[in-house]
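Visitor: Below is one structure. I have some questions about it.
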Amino acid sequence: MELGVMKLRIRDLRDDNNLTQKQISSLFKCDQSLYSKYERGERELPLDLAMKLAVYYNVSVDYIVKLTDEKKPYPRNS
């Protein structure tokens with residue numbers, strides 16, 4: 001899987017929610033310049049951050065990594 005796939009989804013999700021990189025990086029306690037590299041595909045998005053973003057945006061991790069075009073997350077375990 002190419003990294004560019006993830007950069008498109010996380011950037012689009014952020015833009016769709018009218019958020020800045022600074023807001024997202026602050027929320028998830030990571031450096032804004034590092035988050036920017038995730039969006040540009042210069043760094044691989046860590047799984048733990050992908051999971052946090054999926055929960056935050058209410059989408060599946062599969063959607064973020066473009067394994068599906070279905071945004072709806074899977075049912076959660078109790």
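Ligands are numbered from 1 in the order shown, residues from 1 within each chain, and chains are lettered A, B, ... in the order they appear in the structure tokens.
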Using only C-alpha atoms, determine which residues lie at most 12 Å from region 23-31 of chain A, disregarding the query and same-chain residues fewer than 2 positions distant; provide the list as a PyMOL selection string.
Guide: chain A and resi 10-11+13-15+17-21+33-39+45-46+48-53+55-57
Visitor: Set the distance at 12 Å and use only C-alpha atoms: which residues neighbour Tyr74 (chain A) once local chain neighbours fewer than 3 positions away are removed? I'd like the list as a list of chain:residue names.
Guide: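 With the cut-off at 12 Å, the set is A:Ala54, A:Val55, A:Asn58, A:Val59, A:Ser60, A:Val61, A:Asp62, A:Tyr63, A:Thr68, A:Glu70, A:Lys71, A:Asn77.
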Visitor: Could you name the residues that touch Arg9 (chain A) at 8 Å or less, counting only C-alpha atoms, but leaving out those on the same chain fewer than 6 positions away, as a ChimeraX atom specification?
Guide: /A:63-66
Visitor: Take the residues from that selection and write them out as a short mmCIF file (atom, residue, chain, number, x, y, z; two decimals), in the first residue's frame, keeping N, CA, C and O atoms.
Guide:
```
data_model
loop_
_atom_site.label_atom_id
_atom_site.label_comp_id
_atom_site.auth_asym_id
_atom_site.auth_seq_id
_atom_site.Cartn_x
_atom_site.Cartn_y
_atom_site.Cartn_z
N TYR A 63 -11.21 2.81 6.28
CA TYR A 63 -11.52 3.99 5.47
C TYR A 63 -10.30 4.91 5.40
O TYR A 63 -9.95 5.41 4.34
N ILE A 64 -9.64 5.13 6.53
CA ILE A 64 -8.48 6.01 6.56
C ILE A 64 -7.39 5.50 5.63
O ILE A 64 -6.77 6.27 4.91
N VAL A 65 -7.15 4.18 5.62
CA VAL A 65 -6.09 3.62 4.77
C VAL A 65 -6.60 3.20 3.39
O VAL A 65 -5.89 2.56 2.63
N LYS A 66 -7.84 3.56 3.11
CA LYS A 66 -8.47 3.38 1.80
C LYS A 66 -8.63 1.91 1.38
O LYS A 66 -8.53 1.59 0.21
#
```
Visitor: What are the DSSP helix (DSSP H, G or I) residues of chain A, as a PyMOL selection string?
Guide: chain A and resi 3-16+21-27+32-40+47-57+61-64
